[in-house]
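Coordinates as given in protein.txt (compact mmCIF, C-alpha atoms and all ligand atoms):
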```
# COMPACT_ATOMS: atom_id res chain seq x y z
CA MET A 26 0.00 0.00 0.00
CA ILE A 27 1.22 3.45 -0.89
CA PRO A 28 0.77 5.88 1.99
CA VAL A 29 -1.55 8.80 1.28
CA PRO A 30 -1.93 11.56 3.89
CA PRO A 31 -5.19 10.81 5.72
CA SER A 32 -6.58 14.27 5.04
CA ALA A 33 -5.99 14.16 1.28
CA TYR A 34 -9.08 14.14 -0.93
CA ARG A 35 -9.12 11.38 -3.54
CA GLY A 36 -12.04 11.21 -5.96
CA ARG A 37 -12.65 9.19 -9.06
CA LEU A 38 -14.22 9.19 -12.52
CA ALA A 39 -15.39 5.69 -13.30
CA PRO A 40 -17.15 5.49 -16.67
CA SER A 41 -18.07 2.23 -18.42
CA PRO A 42 -17.07 2.08 -22.07
CA THR A 43 -20.36 0.57 -23.19
CA GLY A 44 -21.58 3.56 -25.20
CA LEU A 45 -20.94 7.22 -25.83
CA LEU A 46 -21.02 9.57 -22.85
CA HIS A 47 -24.02 11.93 -22.81
CA ILE A 48 -25.03 15.09 -20.97
CA GLY A 49 -26.00 13.15 -17.86
CA HIS A 50 -22.53 11.69 -17.55
CA ALA A 51 -21.00 15.09 -18.24
CA ALA A 52 -22.91 16.63 -15.33
CA THR A 53 -21.83 13.92 -12.90
CA PHE A 54 -18.19 13.87 -14.00
CA TRP A 55 -18.01 17.66 -14.00
CA THR A 56 -19.29 17.65 -10.42
CA ALA A 57 -16.72 15.02 -9.44
CA TYR A 58 -14.00 17.12 -11.03
CA GLN A 59 -15.14 20.30 -9.29
CA ARG A 60 -15.28 18.61 -5.90
CA ALA A 61 -11.72 17.32 -6.32
CA VAL A 62 -10.49 20.75 -7.45
CA LYS A 63 -12.23 22.49 -4.56
CA SER A 64 -10.52 20.17 -2.08
CA ASP A 65 -7.17 20.51 -3.84
CA GLY A 66 -7.40 16.75 -4.22
CA THR A 67 -6.46 14.00 -6.62
CA LEU A 68 -8.83 12.66 -9.25
CA VAL A 69 -8.46 9.10 -10.52
CA PHE A 70 -9.77 7.94 -13.90
CA ARG A 71 -10.82 4.30 -13.81
CA ASP A 72 -12.20 2.36 -16.80
CA GLU A 73 -15.04 0.15 -15.63
CA ASP A 74 -14.64 -2.21 -18.55
CA LEU A 75 -15.39 -5.49 -16.79
CA ASP A 76 -18.14 -6.68 -19.08
CA PRO A 77 -16.35 -8.23 -22.05
CA GLN A 78 -19.55 -8.41 -24.10
CA ARG A 79 -20.55 -4.77 -23.74
CA SER A 80 -17.24 -2.92 -23.29
CA LYS A 81 -15.65 -1.62 -26.48
CA LEU A 82 -12.21 -0.16 -26.90
CA ALA A 83 -13.60 2.50 -29.25
CA PHE A 84 -15.95 3.72 -26.49
CA ALA A 85 -13.07 3.71 -23.99
CA GLU A 86 -11.07 5.98 -26.28
CA ALA A 87 -14.10 8.19 -26.95
CA MET A 88 -14.94 8.73 -23.26
CA LEU A 89 -11.40 9.76 -22.46
CA GLU A 90 -11.34 12.21 -25.33
CA ASP A 91 -14.82 13.59 -24.54
CA LEU A 92 -13.97 14.24 -20.88
CA LEU A 93 -10.75 16.00 -21.85
CA TRP A 94 -12.74 18.10 -24.34
CA LEU A 95 -15.13 19.10 -21.54
CA GLY A 96 -12.13 20.45 -19.64
CA ILE A 97 -11.91 17.72 -17.01
CA ARG A 98 -8.41 16.73 -15.90
CA TRP A 99 -7.24 13.87 -13.70
CA GLU A 100 -3.98 13.04 -11.97
CA GLU A 101 -4.10 9.24 -12.27
CA GLY A 102 -5.40 6.93 -14.98
CA ARG A 103 -4.37 4.60 -17.75
CA ASP A 104 -3.28 7.53 -19.94
CA VAL A 105 -1.21 9.33 -17.28
CA GLY A 106 -0.17 6.45 -15.02
CA GLY A 107 -0.07 6.59 -11.23
CA PRO A 108 0.80 4.50 -8.18
CA PHE A 109 -2.48 2.57 -7.90
CA GLY A 110 -2.71 0.98 -11.34
CA PRO A 111 -3.73 -0.80 -13.39
CA TYR A 112 -6.60 1.63 -13.92
CA ARG A 113 -8.66 -0.70 -16.10
CA GLN A 114 -10.96 -3.05 -14.24
CA SER A 115 -10.38 -5.73 -16.89
CA GLN A 116 -6.76 -5.87 -15.68
CA ARG A 117 -7.59 -6.08 -11.96
CA ARG A 118 -9.00 -9.59 -11.72
CA ASP A 119 -6.56 -10.68 -9.00
CA PHE A 120 -7.85 -7.98 -6.65
CA TYR A 121 -11.44 -9.16 -7.14
CA LEU A 122 -10.54 -12.84 -6.77
CA ASP A 123 -8.85 -12.07 -3.49
CA ALA A 124 -12.04 -10.41 -2.21
CA TRP A 125 -14.16 -13.30 -3.50
CA ARG A 126 -11.98 -15.76 -1.53
CA LYS A 127 -12.29 -13.69 1.63
CA LEU A 128 -16.08 -13.57 1.32
CA ARG A 129 -16.23 -17.32 0.55
CA ASP A 130 -14.04 -18.20 3.54
CA ALA A 131 -16.15 -15.97 5.80
CA GLY A 132 -19.37 -17.68 4.71
CA ALA A 133 -20.70 -14.33 3.48
CA ILE A 134 -21.55 -15.53 -0.03
CA TYR A 135 -23.10 -18.64 -1.53
CA PRO A 136 -23.28 -20.26 -4.95
CA CYS A 137 -26.63 -19.64 -6.60
CA THR A 138 -27.47 -22.29 -9.17
CA CYS A 139 -30.86 -20.90 -10.16
CA SER A 140 -31.33 -20.83 -13.90
CA ARG A 141 -32.40 -17.69 -15.65
CA LYS A 142 -35.88 -19.18 -15.89
CA ASP A 143 -36.00 -19.95 -12.11
CA LEU A 144 -35.08 -16.35 -11.42
CA VAL A 145 -37.75 -14.94 -13.69
CA VAL A 146 -40.38 -17.07 -11.94
CA ALA A 147 -39.08 -16.38 -8.43
CA ALA A 148 -38.23 -12.73 -8.77
CA ILE A 149 -40.43 -10.12 -7.28
CA ALA A 150 -40.64 -7.29 -9.80
CA PRO A 151 -37.85 -4.81 -9.13
CA ASN A 152 -38.73 -1.28 -8.20
CA GLU A 153 -38.57 1.22 -11.00
CA GLY A 154 -35.02 2.14 -11.86
CA ASP A 155 -33.48 -0.61 -9.76
CA ASP A 156 -30.67 -2.52 -11.32
CA GLU A 157 -31.29 -5.98 -9.98
CA PRO A 158 -34.48 -8.00 -9.38
CA PHE A 159 -35.22 -8.94 -5.79
CA TYR A 160 -33.85 -12.43 -5.13
CA PRO A 161 -35.80 -14.40 -2.51
CA GLY A 162 -32.80 -16.38 -1.28
CA ARG A 163 -33.70 -19.88 -2.43
CA CYS A 164 -30.04 -21.05 -2.65
CA ARG A 165 -29.02 -19.77 0.78
CA SER A 166 -28.82 -23.30 2.11
CA LYS A 167 -25.79 -23.76 -0.15
CA THR A 168 -23.59 -21.49 1.99
CA ASP A 169 -21.84 -24.57 3.43
CA GLU A 170 -20.93 -25.71 -0.08
CA ALA A 171 -19.10 -22.47 -0.82
CA VAL A 172 -15.76 -23.71 0.54
CA ASN A 173 -15.76 -26.53 -2.04
CA TYR A 174 -15.33 -24.02 -4.85
CA ARG A 175 -11.77 -23.08 -5.71
CA GLU A 176 -12.85 -20.74 -8.49
CA PRO A 177 -15.99 -18.64 -8.80
CA ALA A 178 -16.82 -19.50 -12.45
CA GLY A 179 -19.96 -21.42 -13.37
CA VAL A 180 -22.50 -20.18 -10.82
CA ASN A 181 -23.76 -16.82 -9.65
CA TRP A 182 -22.32 -15.88 -6.27
CA ARG A 183 -24.66 -13.98 -3.97
CA PHE A 184 -23.98 -11.97 -0.86
CA ARG A 185 -26.26 -13.00 1.98
CA VAL A 186 -27.98 -10.02 3.56
CA HIS A 187 -29.50 -9.90 7.05
CA GLU A 188 -33.20 -9.15 6.76
CA GLY A 189 -34.47 -6.25 8.75
CA GLU A 190 -31.15 -4.52 9.16
CA THR A 191 -31.15 -0.82 8.35
CA VAL A 192 -28.24 0.55 6.32
CA ARG A 193 -27.68 4.25 6.91
CA PHE A 194 -25.30 6.72 5.36
CA ASP A 195 -24.98 10.46 4.98
CA ASP A 196 -25.00 11.65 1.40
CA GLY A 197 -23.03 14.82 0.72
CA ARG A 198 -25.88 16.32 -1.30
CA LEU A 199 -29.03 14.51 -0.15
CA GLY A 200 -28.33 14.13 3.57
CA PRO A 201 -29.24 11.06 5.65
CA GLN A 202 -30.26 7.96 3.68
CA SER A 203 -31.57 4.66 4.94
CA TYR A 204 -32.46 1.34 3.37
CA ILE A 205 -34.07 -1.69 4.92
CA VAL A 206 -32.23 -4.85 4.01
CA GLY A 207 -34.49 -7.65 2.81
CA HIS A 208 -37.10 -5.10 1.82
CA ASP A 209 -35.30 -2.62 -0.42
CA PHE A 210 -33.02 -5.29 -1.81
CA GLY A 211 -32.24 -8.97 -1.30
CA ASP A 212 -29.18 -11.18 -1.70
CA PHE A 213 -27.22 -9.60 -4.53
CA VAL A 214 -24.75 -10.97 -7.05
CA VAL A 215 -21.04 -10.38 -6.42
CA TRP A 216 -19.68 -12.69 -9.12
CA ARG A 217 -21.49 -13.68 -12.27
CA ARG A 218 -21.92 -17.14 -13.69
CA ASP A 219 -19.97 -16.08 -16.80
CA ASP A 220 -16.96 -15.45 -14.51
CA VAL A 221 -17.24 -11.66 -14.48
CA PRO A 222 -17.04 -9.92 -11.06
CA ALA A 223 -20.21 -7.91 -10.44
CA TYR A 224 -20.18 -4.13 -10.37
CA GLN A 225 -20.82 -3.99 -6.60
CA LEU A 226 -17.77 -6.07 -5.73
CA ALA A 227 -15.36 -4.49 -8.21
CA VAL A 228 -16.22 -0.93 -7.19
CA VAL A 229 -15.80 -1.60 -3.48
CA VAL A 230 -12.47 -3.37 -4.00
CA ASP A 231 -11.12 -0.67 -6.33
CA ASP A 232 -12.25 2.31 -4.28
CA ALA A 233 -10.44 0.86 -1.27
CA ALA A 234 -7.30 -0.16 -3.19
CA MET A 235 -7.12 3.29 -4.82
CA GLN A 236 -7.72 4.95 -1.43
CA ILE A 237 -10.74 6.89 -2.69
CA THR A 238 -12.11 9.20 0.01
CA GLU A 239 -15.27 10.41 -1.77
CA VAL A 240 -17.44 8.65 -4.34
CA VAL A 241 -19.32 11.05 -6.64
CA ARG A 242 -21.87 9.39 -8.94
CA GLY A 243 -25.48 9.52 -10.12
CA ALA A 244 -28.45 9.22 -7.77
CA ASP A 245 -29.51 6.06 -9.62
CA LEU A 246 -26.81 4.30 -7.58
CA LEU A 247 -28.11 5.21 -4.10
CA LYS A 248 -29.40 1.72 -3.47
CA SER A 249 -26.15 0.26 -4.76
CA THR A 250 -24.37 2.31 -2.14
CA ALA A 251 -26.38 0.53 0.56
CA ARG A 252 -25.35 -2.85 -0.90
CA GLN A 253 -21.75 -1.73 -1.18
CA LEU A 254 -21.65 -0.63 2.46
CA LEU A 255 -22.51 -4.20 3.44
CA LEU A 256 -19.67 -5.52 1.28
CA ILE A 257 -17.28 -2.92 2.69
CA ARG A 258 -18.12 -4.08 6.19
CA ALA A 259 -17.76 -7.76 5.30
CA LEU A 260 -14.35 -7.12 3.74
CA GLY A 261 -13.18 -4.83 6.54
CA LEU A 262 -12.50 -1.92 4.16
CA PRO A 263 -12.56 1.82 4.91
CA VAL A 264 -15.85 3.63 4.17
CA PRO A 265 -15.61 6.55 1.71
CA ALA A 266 -17.88 9.59 1.72
CA TYR A 267 -20.70 9.64 -0.87
CA TYR A 268 -22.13 12.39 -3.03
CA HIS A 269 -24.94 11.38 -5.40
CA CYS A 270 -25.67 13.81 -8.23
CA GLU A 271 -29.10 14.68 -9.53
CA LEU A 272 -29.97 12.78 -12.70
CA VAL A 273 -30.35 14.84 -15.84
CA ARG A 274 -33.69 14.26 -17.55
CA ASP A 275 -34.84 15.05 -21.05
CA ALA A 276 -37.72 17.45 -21.90
CA SER A 277 -40.31 14.72 -21.20
CA GLY A 278 -38.82 13.97 -17.77
CA THR A 279 -37.27 10.68 -18.81
CA ARG A 280 -33.85 9.88 -17.44
CA LEU A 281 -31.13 10.17 -20.02
CA ALA A 282 -29.64 6.89 -21.07
CA LYS A 283 -26.99 5.78 -23.45
CA ARG A 284 -29.59 5.24 -26.14
CA HIS A 285 -30.04 9.01 -26.36
CA ASP A 286 -27.33 9.22 -29.00
CA ALA A 287 -28.46 12.67 -30.11
CA LEU A 288 -27.45 13.93 -26.66
CA SER A 289 -24.05 12.30 -26.67
CA LEU A 290 -21.16 14.65 -26.05
CA ARG A 291 -19.80 13.52 -29.39
CA ALA A 292 -22.94 14.62 -31.26
CA LEU A 293 -23.23 17.95 -29.43
CA ARG A 294 -19.62 18.70 -30.10
CA GLU A 295 -20.03 17.88 -33.79
CA GLN A 296 -22.97 20.31 -33.85
CA GLY A 297 -20.53 23.00 -32.78
CA GLN A 298 -21.56 23.31 -29.10
CA SER A 299 -18.91 24.42 -26.63
CA PRO A 300 -18.27 22.63 -23.31
CA GLU A 301 -19.97 25.56 -21.53
CA GLN A 302 -23.09 25.18 -23.70
CA VAL A 303 -23.16 21.43 -23.05
CA LEU A 304 -22.95 21.88 -19.28
CA ALA A 305 -25.38 24.85 -19.08
CA PRO A 306 -28.64 22.79 -19.02
CA CYS A 307 -27.22 20.87 -16.06
CA GLY A 308 -27.02 24.08 -14.05
CA LEU A 309 -23.24 23.81 -13.93
ZN ZN B 401 -30.36 -19.46 -6.55
```
Could you express the structure from this file as structure tokens?
Amino acid sequence: MIPVPPSAYRGRLAPSPTGLLHIGHAATFWTAYQRAVKSDGTLVFRDEDLDPQRSKLAFAEAMLEDLLWLGIRWEEGRDVGGPFGPYRQSQRRDFYLDAWRKLRDAGAIYPCTCSRKDLVVAAIAPNEGDDEPFYPGRCRSKTDEAVNYREPAGVNWRFRVHEGETVRFDDGRLGPQSYIVGHDFGDFVVWRRDDVPAYQLAVVVDDAAMQITEVVRGADLLKSTARQLLLIRALGLPVPAYYHCELVRDASGTRLAKRHDALSLRALREQGQSPEQVLAPCGL
């Protein structure tokens, strides 16, 4: 571990190269940049390119270029180097495997052998905007079998939550937040059947390894933060501060998504808009 002064602010930009960045991303990343600048801190650029099916090198190049065009600068990342690399999640598998082993040995996760069809039948419809259907825990009895697995591949690995527990945290923008475990979310996936570490696990491991002190991201990830706090506790990692940005919506009130290609930074730039014009509708 490289020592970082305990008071030093370390933030991160963590885009996924699965599409072109749009105005919504710009608003969040600009906020992250501003918060690092204000604290005279360090900003880390991390490529969240874990999903081999959806991540494309062309998008990875485009997001780097688009953020530089916006005027955002970072001190660490795959293009500028730094002491906490590699800065691409696809090159950090050993870190995630280490965490998976710790969770397995602690009995905190279990192999879930439910088929896709089982899950569709068993799942309670997820709340609007949630990323993962509620899993009712039917494979929990397999926790004892976990130690028999030397590698995670082949089954989904789920983190066992404790029903009824309340997860609380203070958000830097939204104030106190609380989620009821077993009600707001159930046992969640930390390692996928296709041998890809899940977002929740990778983010927690990387934020700790890169000594991130504040996580700035979109408000669509509030519930993920509650899940991640449980993982952080199970792995004995330090807890960062959180700041969840307001989501940018289009004229009809719909959240912007990657399918809004017309609102991609690339398209706006090609139309001749300046970075200031792009950021103006976000109130930045
Ligand atoms: Zn299952």
Dump as JSON lines the rows for residues of chain A within 6 Å of ligand ZN 401 (chain B): closest atom pair and distance in Å with one decimal, all atoms listed in the file counted, ordered by chain and rising residue number.
```
{"residue": "A:Cys137", "atom": "CA", "partner": "B:ZN401", "partner_atom": "ZN", "distance": 3.7}
{"residue": "A:Thr138", "atom": "CA", "partner": "B:ZN401", "partner_atom": "ZN", "distance": 4.8}
{"residue": "A:Cys139", "atom": "CA", "partner": "B:ZN401", "partner_atom": "ZN", "distance": 3.9}
{"residue": "A:Arg163", "atom": "CA", "partner": "B:ZN401", "partner_atom": "ZN", "distance": 5.3}
{"residue": "A:Cys164", "atom": "CA", "partner": "B:ZN401", "partner_atom": "ZN", "distance": 4.2}
```
Each segment 44-159 of chain A residue no farther than 8 Å from segment 247-261 of chain A, nearest pair in Å, all atoms listed in the file, as a tab-separated table:
```
residue	atom	partner	partner_atom	distance
A:Ala124	CA	A:Leu260	CA	7.2
A:Lys127	CA	A:Leu260	CA	7.2
A:Leu128	CA	A:Leu260	CA	7.1
A:Ala133	CA	A:Ala259	CA	7.4
A:Asp155	CA	A:Lys248	CA	7.9
```
Contact residues around Gln116 of chain A with all atoms listed in the file at 12 Å, ignoring same-chain residues under 5 positions, as a list in words: Arg71, Asp72, Glu73, Asp74, Leu75, Asp76, Pro77, Arg103, Gly110, Pro111, Tyr121, Leu122, Pro222, Ala227 and Asp231 of chain A
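Take atom CA of Arg217 of chain A and atom CA of Asp245 of chain A: the distance between them is 21.5 Å.
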Would you compute the distance between atom CA of Arg183 of chain A and atom CA of Asp169 of chain A? Give it in Å to one decimal. 13.2 Å
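Across the model, the gap from atom CA of Lys63 of chain A to atom CA of Arg198 of chain A is 15.3 Å.
All protein, DNA and RNA residues at most 10 Å from (-14.7, 1.8, -26.2) are Ser41, Pro42, Thr43, Gly44, Leu45, Asp72, Asp74, Arg79, Ser80, Lys81, Leu82, Ala83, Phe84, Ala85, Glu86, Ala87, Met88 and Leu89 of chain A, using only C-alpha atoms.
Every residue within 10 Å of the file position (-32.1, -13.6, -4.3), judged by all atoms listed in the file, is given as A:Cys137, A:Cys139, A:Leu144, A:Ala147, A:Ala148, A:Ile149, A:Glu157, A:Pro158, A:Phe159, A:Tyr160, A:Pro161, A:Gly162, A:Arg163, A:Cys164, A:Arg165, A:Arg183, A:Phe184, A:Arg185, A:Val186, A:Gly207, A:Phe210, A:Gly211, A:Asp212, A:Phe213, A:Val214.
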Which is closer to Thr168 of chain A than all the others in A:Tyr135, A:Trp182, A:Phe194, A:Tyr58, using only C-alpha atoms? A:Tyr135
Writing all heavy atoms and nothing else, produce segment 113-126 of chain A as a PDB file, in the first residue's frame.
```pdb
ATOM      1  N   ARG A 113      -7.574  -0.067 -15.354  1.00  0.00           N
ATOM      2  CA  ARG A 113      -8.665  -0.700 -16.103  1.00  0.00           C
ATOM      3  C   ARG A 113      -9.145  -1.885 -15.297  1.00  0.00           C
ATOM      4  O   ARG A 113      -8.343  -2.770 -14.960  1.00  0.00           O
ATOM      5  CB  ARG A 113      -8.148  -1.231 -17.439  1.00  0.00           C
ATOM      6  CG  ARG A 113      -7.855  -0.184 -18.456  1.00  0.00           C
ATOM      7  CD  ARG A 113      -7.608  -0.893 -19.796  1.00  0.00           C
ATOM      8  NE  ARG A 113      -8.094  -0.049 -20.847  1.00  0.00           N
ATOM      9  CZ  ARG A 113      -7.358   0.302 -21.916  1.00  0.00           C
ATOM     10  NH1 ARG A 113      -6.160  -0.172 -22.077  1.00  0.00           N
ATOM     11  NH2 ARG A 113      -7.870   1.100 -22.818  1.00  0.00           N
ATOM     12  N   GLN A 114     -10.436  -1.941 -15.039  1.00  0.00           N
ATOM     13  CA  GLN A 114     -10.956  -3.049 -14.237  1.00  0.00           C
ATOM     14  C   GLN A 114     -10.669  -4.402 -14.889  1.00  0.00           C
ATOM     15  O   GLN A 114     -10.462  -5.387 -14.190  1.00  0.00           O
ATOM     16  CB  GLN A 114     -12.448  -2.870 -13.983  1.00  0.00           C
ATOM     17  CG  GLN A 114     -12.731  -1.756 -12.984  1.00  0.00           C
ATOM     18  CD  GLN A 114     -14.158  -1.750 -12.500  1.00  0.00           C
ATOM     19  OE1 GLN A 114     -15.075  -2.074 -13.257  1.00  0.00           O
ATOM     20  NE2 GLN A 114     -14.373  -1.363 -11.261  1.00  0.00           N
ATOM     21  N   SER A 115     -10.635  -4.448 -16.202  1.00  0.00           N
ATOM     22  CA  SER A 115     -10.383  -5.727 -16.886  1.00  0.00           C
ATOM     23  C   SER A 115      -8.982  -6.264 -16.577  1.00  0.00           C
ATOM     24  O   SER A 115      -8.699  -7.438 -16.818  1.00  0.00           O
ATOM     25  CB  SER A 115     -10.568  -5.564 -18.399  1.00  0.00           C
ATOM     26  OG  SER A 115      -9.708  -4.564 -18.901  1.00  0.00           O
ATOM     27  N   GLN A 116      -8.117  -5.420 -16.021  1.00  0.00           N
ATOM     28  CA  GLN A 116      -6.762  -5.868 -15.677  1.00  0.00           C
ATOM     29  C   GLN A 116      -6.578  -6.047 -14.170  1.00  0.00           C
ATOM     30  O   GLN A 116      -5.454  -6.176 -13.687  1.00  0.00           O
ATOM     31  CB  GLN A 116      -5.737  -4.847 -16.204  1.00  0.00           C
ATOM     32  CG  GLN A 116      -5.753  -4.743 -17.723  1.00  0.00           C
ATOM     33  CD  GLN A 116      -4.907  -3.603 -18.257  1.00  0.00           C
ATOM     34  OE1 GLN A 116      -4.400  -2.780 -17.504  1.00  0.00           O
ATOM     35  NE2 GLN A 116      -4.768  -3.541 -19.560  1.00  0.00           N
ATOM     36  N   ARG A 117      -7.676  -6.036 -13.422  1.00  0.00           N
ATOM     37  CA  ARG A 117      -7.585  -6.081 -11.958  1.00  0.00           C
ATOM     38  C   ARG A 117      -8.216  -7.349 -11.364  1.00  0.00           C
ATOM     39  O   ARG A 117      -8.588  -7.376 -10.193  1.00  0.00           O
ATOM     40  CB  ARG A 117      -8.240  -4.820 -11.357  1.00  0.00           C
ATOM     41  CG  ARG A 117      -7.568  -3.524 -11.814  1.00  0.00           C
ATOM     42  CD  ARG A 117      -8.224  -2.299 -11.217  1.00  0.00           C
ATOM     43  NE  ARG A 117      -8.161  -2.250  -9.771  1.00  0.00           N
ATOM     44  CZ  ARG A 117      -7.090  -1.862  -9.070  1.00  0.00           C
ATOM     45  NH1 ARG A 117      -6.005  -1.466  -9.694  1.00  0.00           N
ATOM     46  NH2 ARG A 117      -7.115  -1.857  -7.753  1.00  0.00           N
ATOM     47  N   ARG A 118      -8.298  -8.381 -12.161  1.00  0.00           N
ATOM     48  CA  ARG A 118      -8.995  -9.592 -11.723  1.00  0.00           C
ATOM     49  C   ARG A 118      -8.449 -10.154 -10.415  1.00  0.00           C
ATOM     50  O   ARG A 118      -9.212 -10.633  -9.579  1.00  0.00           O
ATOM     51  CB  ARG A 118      -8.899 -10.642 -12.836  1.00  0.00           C
ATOM     52  CG  ARG A 118      -9.641 -11.927 -12.531  1.00  0.00           C
ATOM     53  CD  ARG A 118      -9.536 -12.915 -13.688  1.00  0.00           C
ATOM     54  NE  ARG A 118     -10.001 -14.228 -13.270  1.00  0.00           N
ATOM     55  CZ  ARG A 118     -11.273 -14.617 -13.307  1.00  0.00           C
ATOM     56  NH1 ARG A 118     -12.191 -13.804 -13.756  1.00  0.00           N
ATOM     57  NH2 ARG A 118     -11.623 -15.819 -12.899  1.00  0.00           N
ATOM     58  N   ASP A 119      -7.143 -10.103 -10.208  1.00  0.00           N
ATOM     59  CA  ASP A 119      -6.557 -10.682  -8.996  1.00  0.00           C
ATOM     60  C   ASP A 119      -7.082 -10.006  -7.722  1.00  0.00           C
ATOM     61  O   ASP A 119      -7.258 -10.656  -6.696  1.00  0.00           O
ATOM     62  CB  ASP A 119      -5.026 -10.581  -9.032  1.00  0.00           C
ATOM     63  CG  ASP A 119      -4.433 -11.563 -10.040  1.00  0.00           C
ATOM     64  OD1 ASP A 119      -5.189 -12.428 -10.532  1.00  0.00           O
ATOM     65  OD2 ASP A 119      -3.235 -11.447 -10.341  1.00  0.00           O
ATOM     66  N   PHE A 120      -7.301  -8.695  -7.806  1.00  0.00           N
ATOM     67  CA  PHE A 120      -7.849  -7.978  -6.645  1.00  0.00           C
ATOM     68  C   PHE A 120      -9.255  -8.512  -6.307  1.00  0.00           C
ATOM     69  O   PHE A 120      -9.599  -8.697  -5.143  1.00  0.00           O
ATOM     70  CB  PHE A 120      -7.978  -6.478  -6.949  1.00  0.00           C
ATOM     71  CG  PHE A 120      -6.678  -5.731  -7.091  1.00  0.00           C
ATOM     72  CD1 PHE A 120      -6.005  -5.680  -8.302  1.00  0.00           C
ATOM     73  CD2 PHE A 120      -6.138  -5.057  -6.002  1.00  0.00           C
ATOM     74  CE1 PHE A 120      -4.816  -4.973  -8.438  1.00  0.00           C
ATOM     75  CE2 PHE A 120      -4.951  -4.345  -6.123  1.00  0.00           C
ATOM     76  CZ  PHE A 120      -4.289  -4.307  -7.347  1.00  0.00           C
ATOM     77  N   TYR A 121     -10.060  -8.723  -7.357  1.00  0.00           N
ATOM     78  CA  TYR A 121     -11.441  -9.163  -7.139  1.00  0.00           C
ATOM     79  C   TYR A 121     -11.488 -10.613  -6.639  1.00  0.00           C
ATOM     80  O   TYR A 121     -12.295 -10.953  -5.782  1.00  0.00           O
ATOM     81  CB  TYR A 121     -12.262  -9.018  -8.430  1.00  0.00           C
ATOM     82  CG  TYR A 121     -12.104  -7.669  -9.094  1.00  0.00           C
ATOM     83  CD1 TYR A 121     -11.916  -7.559 -10.463  1.00  0.00           C
ATOM     84  CD2 TYR A 121     -12.110  -6.498  -8.329  1.00  0.00           C
ATOM     85  CE1 TYR A 121     -11.754  -6.318 -11.071  1.00  0.00           C
ATOM     86  CE2 TYR A 121     -11.944  -5.256  -8.930  1.00  0.00           C
ATOM     87  CZ  TYR A 121     -11.765  -5.172 -10.303  1.00  0.00           C
ATOM     88  OH  TYR A 121     -11.586  -3.956 -10.895  1.00  0.00           O
ATOM     89  N   LEU A 122     -10.586 -11.434  -7.202  1.00  0.00           N
ATOM     90  CA  LEU A 122     -10.537 -12.843  -6.771  1.00  0.00           C
ATOM     91  C   LEU A 122     -10.173 -12.933  -5.299  1.00  0.00           C
ATOM     92  O   LEU A 122     -10.719 -13.754  -4.555  1.00  0.00           O
ATOM     93  CB  LEU A 122      -9.492 -13.599  -7.602  1.00  0.00           C
ATOM     94  CG  LEU A 122      -9.979 -14.312  -8.852  1.00  0.00           C
ATOM     95  CD1 LEU A 122      -8.808 -14.989  -9.559  1.00  0.00           C
ATOM     96  CD2 LEU A 122     -11.076 -15.328  -8.528  1.00  0.00           C
ATOM     97  N   ASP A 123      -9.261 -12.093  -4.887  1.00  0.00           N
ATOM     98  CA  ASP A 123      -8.845 -12.070  -3.491  1.00  0.00           C
ATOM     99  C   ASP A 123     -10.043 -11.750  -2.579  1.00  0.00           C
ATOM    100  O   ASP A 123     -10.246 -12.394  -1.542  1.00  0.00           O
ATOM    101  CB  ASP A 123      -7.737 -11.005  -3.350  1.00  0.00           C
ATOM    102  CG  ASP A 123      -7.101 -11.047  -1.989  1.00  0.00           C
ATOM    103  OD1 ASP A 123      -6.765 -12.159  -1.552  1.00  0.00           O
ATOM    104  OD2 ASP A 123      -6.957  -9.979  -1.354  1.00  0.00           O
ATOM    105  N   ALA A 124     -10.841 -10.772  -2.998  1.00  0.00           N
ATOM    106  CA  ALA A 124     -12.038 -10.407  -2.213  1.00  0.00           C
ATOM    107  C   ALA A 124     -13.057 -11.552  -2.235  1.00  0.00           C
ATOM    108  O   ALA A 124     -13.685 -11.864  -1.217  1.00  0.00           O
ATOM    109  CB  ALA A 124     -12.661  -9.131  -2.782  1.00  0.00           C
ATOM    110  N   TRP A 125     -13.223 -12.179  -3.399  1.00  0.00           N
ATOM    111  CA  TRP A 125     -14.160 -13.305  -3.503  1.00  0.00           C
ATOM    112  C   TRP A 125     -13.762 -14.413  -2.527  1.00  0.00           C
ATOM    113  O   TRP A 125     -14.607 -14.973  -1.832  1.00  0.00           O
ATOM    114  CB  TRP A 125     -14.186 -13.840  -4.948  1.00  0.00           C
ATOM    115  CG  TRP A 125     -14.986 -15.099  -5.091  1.00  0.00           C
ATOM    116  CD1 TRP A 125     -16.343 -15.193  -5.196  1.00  0.00           C
ATOM    117  CD2 TRP A 125     -14.476 -16.440  -5.099  1.00  0.00           C
ATOM    118  NE1 TRP A 125     -16.722 -16.519  -5.271  1.00  0.00           N
ATOM    119  CE2 TRP A 125     -15.592 -17.300  -5.224  1.00  0.00           C
ATOM    120  CE3 TRP A 125     -13.201 -16.998  -5.022  1.00  0.00           C
ATOM    121  CZ2 TRP A 125     -15.450 -18.688  -5.262  1.00  0.00           C
ATOM    122  CZ3 TRP A 125     -13.064 -18.378  -5.059  1.00  0.00           C
ATOM    123  CH2 TRP A 125     -14.190 -19.213  -5.184  1.00  0.00           C
ATOM    124  N   ARG A 126     -12.453 -14.717  -2.446  1.00  0.00           N
ATOM    125  CA  ARG A 126     -11.980 -15.761  -1.534  1.00  0.00           C
ATOM    126  C   ARG A 126     -12.262 -15.394  -0.075  1.00  0.00           C
ATOM    127  O   ARG A 126     -12.676 -16.234   0.717  1.00  0.00           O
ATOM    128  CB  ARG A 126     -10.474 -15.993  -1.717  1.00  0.00           C
ATOM    129  CG  ARG A 126     -10.167 -16.813  -2.931  1.00  0.00           C
ATOM    130  CD  ARG A 126      -8.693 -17.215  -2.991  1.00  0.00           C
ATOM    131  NE  ARG A 126      -8.334 -17.440  -4.380  1.00  0.00           N
ATOM    132  CZ  ARG A 126      -7.619 -16.606  -5.121  1.00  0.00           C
ATOM    133  NH1 ARG A 126      -7.124 -15.496  -4.595  1.00  0.00           N
ATOM    134  NH2 ARG A 126      -7.371 -16.861  -6.390  1.00  0.00           N
TER     135      ARG A 126
END
```
